[in-house]
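Participant: Next up is a structure, given as structure tokens.
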Amino acid sequence: MSTVGDVQPWDEIFRREGRVYEAPAMIMPEIAERLRRHGCRRVMDLGCGSGRHVVYLARQGFGVTGVDNSPTALSMTREWAAEEGVEACLVRADMRAPLPLAGAAFDALVTTQVIHHALLATVRRTAAEIGRVVRPGGMLFITVPLTPDPEDVFEAIEAGTLVPVTGSERGLPHHFFTPEELRSILPAFRFLEERILGERILALLGVRS
């Protein structure tokens with residue numbers, strides 16, 4: 001969930017709200033099976049937050065690297081993994097900058113509700129880094145928001161990018177994607193499947209060219 005902007009707001013969110021999500025996304029068991037069938041072993045969770053997908057994927061036998069910019073979130077992930085008796089590599093890194101990880105280092109990358117927390121120019125740089133760290137033939141599972149939460153109030157700062165003035169993520173930019181726009185910023189991937197989760201979340205599954 002986190003990795004962008006000044007680290008302090010995200011630390012405040014995790015200190016206030018704890019693990020935030022206790023269960024993996026409902027689609028994740030299916031995604032894990034798709035990754036397994038594709039021969040993926042080394043998986044990055046970009047913006048791992050408090051660790052729900054790091055822990056879940058590690059339980060499924062994947063070698064997982066969780067990346068996040070919040071030390072509080074990474075501490076929670078580390079504690080959760082220890083509770084579950086699983087191992088994971090955890091890296092503190094800001095997705096706005098080049099990731100401190102080798103090119104083509106991962107068989108797959110998952111990132112859920114993360115990369116949209118920035119201006120579009122920054123999101124494009126993050127998308128390029130995703131293409132760099134996934135090996136050719138590797139897989140990407142990504143989710144981003146399609147529309148704002150109707151319970152929050154937003155102000156526009158650029159086309160498609162809004163900043164909430166209410167809610168726990170107030171002041172943090174949110175870019176809202178169309179399917180075409182998301183595909184366009186990830187040209188290194190051939191997308192196999194598109195889904196709408198709930199009413200407001202776009203999910204894409206792709207293979208690195």
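How things are named: the first chain in the structure tokens is A, the next is B, and so on; residues count from 1 in each chain; ligands count from 1 in the order shown.
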What's around stretch 96-111 of chain A at 7 Å? Count only C-alpha atoms, leave out sequence neighbours fewer than 2 positions away in its own chain, and write the answer as a list in words.
Facilitator: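 My list of contacting residues is Val4, Cys40, Arg41, Arg42, Val43, Met44, Asp45, Leu46, Gly47, Ala93, Asp94, Gln113, Val114, Thr122, Arg125, Thr126, Glu129, Arg132, Val133, Val134, Arg135, Gly138, Met139, Leu140, Phe141, Ile142 and Thr143 of chain A.
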Participant: Can you pull out the residues contacting A:Glu84? Cut-off 12 Å, using only C-alpha atoms, and skip same-chain residues under 5 positions away; I want them as a ChimeraX atom specification.
Facilitator: /A:51-52,54-60,77-79
Participant: Write the residues you've just listed into a file as a PDB file, in the first residue's frame, and include N, CA and C atoms for each of them.
Facilitator:
```
ATOM      1  N   GLY A  51       2.503  -6.332   4.918  1.00  0.00           N
ATOM      2  CA  GLY A  51       3.004  -7.664   4.621  1.00  0.00           C
ATOM      3  C   GLY A  51       2.027  -8.747   4.245  1.00  0.00           C
ATOM      4  N   ARG A  52       0.777  -8.396   3.969  1.00  0.00           N
ATOM      5  CA  ARG A  52      -0.179  -9.483   3.745  1.00  0.00           C
ATOM      6  C   ARG A  52       0.184 -10.372   2.564  1.00  0.00           C
ATOM      7  N   VAL A  54       3.317 -10.542   1.102  1.00  0.00           N
ATOM      8  CA  VAL A  54       4.626 -11.152   1.376  1.00  0.00           C
ATOM      9  C   VAL A  54       4.436 -12.450   2.147  1.00  0.00           C
ATOM     10  N   VAL A  55       3.667 -12.383   3.231  1.00  0.00           N
ATOM     11  CA  VAL A  55       3.454 -13.563   4.066  1.00  0.00           C
ATOM     12  C   VAL A  55       2.695 -14.641   3.295  1.00  0.00           C
ATOM     13  N   TYR A  56       1.662 -14.249   2.582  1.00  0.00           N
ATOM     14  CA  TYR A  56       0.877 -15.244   1.842  1.00  0.00           C
ATOM     15  C   TYR A  56       1.726 -15.952   0.792  1.00  0.00           C
ATOM     16  N   LEU A  57       2.460 -15.198  -0.002  1.00  0.00           N
ATOM     17  CA  LEU A  57       3.259 -15.810  -1.062  1.00  0.00           C
ATOM     18  C   LEU A  57       4.398 -16.657  -0.502  1.00  0.00           C
ATOM     19  N   ALA A  58       4.989 -16.199   0.608  1.00  0.00           N
ATOM     20  CA  ALA A  58       6.032 -17.010   1.241  1.00  0.00           C
ATOM     21  C   ALA A  58       5.455 -18.333   1.740  1.00  0.00           C
ATOM     22  N   ARG A  59       4.239 -18.305   2.270  1.00  0.00           N
ATOM     23  CA  ARG A  59       3.576 -19.539   2.706  1.00  0.00           C
ATOM     24  C   ARG A  59       3.361 -20.496   1.538  1.00  0.00           C
ATOM     25  N   GLN A  60       3.190 -19.934   0.349  1.00  0.00           N
ATOM     26  CA  GLN A  60       2.970 -20.764  -0.842  1.00  0.00           C
ATOM     27  C   GLN A  60       4.273 -21.293  -1.439  1.00  0.00           C
ATOM     28  N   THR A  77       5.874  -6.221   8.643  1.00  0.00           N
ATOM     29  CA  THR A  77       6.029  -7.374   7.754  1.00  0.00           C
ATOM     30  C   THR A  77       7.004  -8.379   8.348  1.00  0.00           C
ATOM     31  N   ARG A  78       8.107  -7.886   8.868  1.00  0.00           N
ATOM     32  CA  ARG A  78       9.116  -8.765   9.468  1.00  0.00           C
ATOM     33  C   ARG A  78       8.529  -9.537  10.654  1.00  0.00           C
ATOM     34  N   GLU A  79       7.794  -8.844  11.499  1.00  0.00           N
ATOM     35  CA  GLU A  79       7.179  -9.490  12.663  1.00  0.00           C
ATOM     36  C   GLU A  79       6.142 -10.525  12.239  1.00  0.00           C
TER      37      GLU A  79
END
```
Participant: Between stretch 54-138 of chain A and stretch 168-181 of chain A, at 9 Å or less, what are the per-residue closest atom pairs and their distances in Å? Count only C-alpha atoms, order by chain and rising residue number, and return it as JSON lines.
Facilitator:
```
{"residue": "A:Ile115", "atom": "CA", "partner": "A:His175", "partner_atom": "CA", "distance": 8.5}
{"residue": "A:His116", "atom": "CA", "partner": "A:His175", "partner_atom": "CA", "distance": 4.8}
{"residue": "A:His117", "atom": "CA", "partner": "A:His174", "partner_atom": "CA", "distance": 4.7}
{"residue": "A:Ala118", "atom": "CA", "partner": "A:Pro173", "partner_atom": "CA", "distance": 5.2}
{"residue": "A:Leu119", "atom": "CA", "partner": "A:Pro173", "partner_atom": "CA", "distance": 6.6}
{"residue": "A:Leu120", "atom": "CA", "partner": "A:His175", "partner_atom": "CA", "distance": 6.7}
{"residue": "A:Val123", "atom": "CA", "partner": "A:His175", "partner_atom": "CA", "distance": 8.5}
```
Participant: With a distance cut-off of 7 Å and only C-alpha atoms, select the neighbouring residues of A:Ala203, excluding the residue or stretch itself and same-chain residues fewer than 6 positions from it, and output the selection as a PyMOL selection string.
Facilitator: chain A and resi 142-144+194-197
Participant: So which residues touch A:Gly49 within 9 Å, counting only C-alpha atoms, skipping near sequence neighbours fewer than 4 positions away, as a PDB file with N, CA, C and O atoms, in the first residue's frame?
Facilitator:
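Writing done, so here's result.pdb:
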```pdb
ATOM      1  N   MET A   1       0.814  -1.193   0.000  1.00  0.00           N
ATOM      2  CA  MET A   1       0.000   0.000   0.000  1.00  0.00           C
ATOM      3  C   MET A   1       0.846   1.240   0.000  1.00  0.00           C
ATOM      4  O   MET A   1       0.431   2.278  -0.494  1.00  0.00           O
ATOM      5  N   SER A   2       2.025   1.219   0.601  1.00  0.00           N
ATOM      6  CA  SER A   2       2.813   2.444   0.631  1.00  0.00           C
ATOM      7  C   SER A   2       4.061   2.288  -0.197  1.00  0.00           C
ATOM      8  O   SER A   2       4.374   1.237  -0.693  1.00  0.00           O
ATOM      9  N   THR A   3       4.761   3.328  -0.358  1.00  0.00           N
ATOM     10  CA  THR A   3       6.108   3.422  -0.933  1.00  0.00           C
ATOM     11  C   THR A   3       6.370   4.777  -1.508  1.00  0.00           C
ATOM     12  O   THR A   3       7.413   4.950  -2.103  1.00  0.00           O
ATOM     13  N   PHE A  14       0.538   3.610   9.144  1.00  0.00           N
ATOM     14  CA  PHE A  14       0.760   2.256   9.659  1.00  0.00           C
ATOM     15  C   PHE A  14       0.807   2.228  11.182  1.00  0.00           C
ATOM     16  O   PHE A  14       0.319   1.270  11.803  1.00  0.00           O
ATOM     17  N   ARG A  19      -1.785  -3.357  10.830  1.00  0.00           N
ATOM     18  CA  ARG A  19      -1.551  -4.143   9.622  1.00  0.00           C
ATOM     19  C   ARG A  19      -2.467  -3.749   8.470  1.00  0.00           C
ATOM     20  O   ARG A  19      -2.233  -4.170   7.334  1.00  0.00           O
ATOM     21  N   VAL A  20      -3.487  -2.986   8.727  1.00  0.00           N
ATOM     22  CA  VAL A  20      -4.402  -2.468   7.712  1.00  0.00           C
ATOM     23  C   VAL A  20      -5.223  -3.601   7.086  1.00  0.00           C
ATOM     24  O   VAL A  20      -6.444  -3.607   7.171  1.00  0.00           O
ATOM     25  N   HIS A  53       0.693  -9.803   1.463  1.00  0.00           N
ATOM     26  CA  HIS A  53       1.017 -10.637   0.311  1.00  0.00           C
ATOM     27  C   HIS A  53       2.415 -11.233   0.414  1.00  0.00           C
ATOM     28  O   HIS A  53       2.667 -12.310  -0.120  1.00  0.00           O
ATOM     29  N   GLY A  66       9.950  -8.215  -0.323  1.00  0.00           N
ATOM     30  CA  GLY A  66       9.001  -7.130  -0.099  1.00  0.00           C
ATOM     31  C   GLY A  66       9.723  -5.797  -0.123  1.00  0.00           C
ATOM     32  O   GLY A  66      10.754  -5.634   0.528  1.00  0.00           O
ATOM     33  N   VAL A  67       9.194  -4.852  -0.893  1.00  0.00           N
ATOM     34  CA  VAL A  67       9.812  -3.536  -1.038  1.00  0.00           C
ATOM     35  C   VAL A  67       8.815  -2.481  -0.567  1.00  0.00           C
ATOM     36  O   VAL A  67       7.663  -2.464  -1.012  1.00  0.00           O
ATOM     37  N   ASP A  68       9.266  -1.601   0.314  1.00  0.00           N
ATOM     38  CA  ASP A  68       8.413  -0.523   0.780  1.00  0.00           C
ATOM     39  C   ASP A  68       9.292   0.609   1.306  1.00  0.00           C
ATOM     40  O   ASP A  68      10.447   0.386   1.683  1.00  0.00           O
ATOM     41  N   ASN A  69       8.721   1.810   1.347  1.00  0.00           N
ATOM     42  CA  ASN A  69       9.476   2.965   1.825  1.00  0.00           C
ATOM     43  C   ASN A  69       9.223   3.267   3.295  1.00  0.00           C
ATOM     44  O   ASN A  69       9.880   4.130   3.862  1.00  0.00           O
ATOM     45  N   SER A  70       8.275   2.575   3.906  1.00  0.00           N
ATOM     46  CA  SER A  70       7.924   2.840   5.301  1.00  0.00           C
ATOM     47  C   SER A  70       8.637   1.866   6.228  1.00  0.00           C
ATOM     48  O   SER A  70       8.375   0.661   6.191  1.00  0.00           O
ATOM     49  N   THR A  72       8.112   1.481   9.353  1.00  0.00           N
ATOM     50  CA  THR A  72       7.114   0.879  10.231  1.00  0.00           C
ATOM     51  C   THR A  72       6.423  -0.282   9.535  1.00  0.00           C
ATOM     52  O   THR A  72       6.216  -1.350  10.130  1.00  0.00           O
ATOM     53  N   ALA A  73       6.067  -0.101   8.263  1.00  0.00           N
ATOM     54  CA  ALA A  73       5.443  -1.185   7.511  1.00  0.00           C
ATOM     55  C   ALA A  73       6.378  -2.385   7.390  1.00  0.00           C
ATOM     56  O   ALA A  73       5.958  -3.535   7.565  1.00  0.00           O
ATOM     57  N   LEU A  74       7.641  -2.135   7.097  1.00  0.00           N
ATOM     58  CA  LEU A  74       8.587  -3.237   6.971  1.00  0.00           C
ATOM     59  C   LEU A  74       8.784  -3.960   8.299  1.00  0.00           C
ATOM     60  O   LEU A  74       8.925  -5.188   8.337  1.00  0.00           O
ATOM     61  N   MET A  76       6.495  -4.299  10.585  1.00  0.00           N
ATOM     62  CA  MET A  76       5.298  -5.129  10.732  1.00  0.00           C
ATOM     63  C   MET A  76       5.386  -6.384   9.874  1.00  0.00           C
ATOM     64  O   MET A  76       5.009  -7.482  10.307  1.00  0.00           O
ATOM     65  N   THR A  77       5.874  -6.221   8.643  1.00  0.00           N
ATOM     66  CA  THR A  77       6.029  -7.374   7.754  1.00  0.00           C
ATOM     67  C   THR A  77       7.004  -8.379   8.348  1.00  0.00           C
ATOM     68  O   THR A  77       6.757  -9.593   8.344  1.00  0.00           O
TER      69      THR A  77
END
```
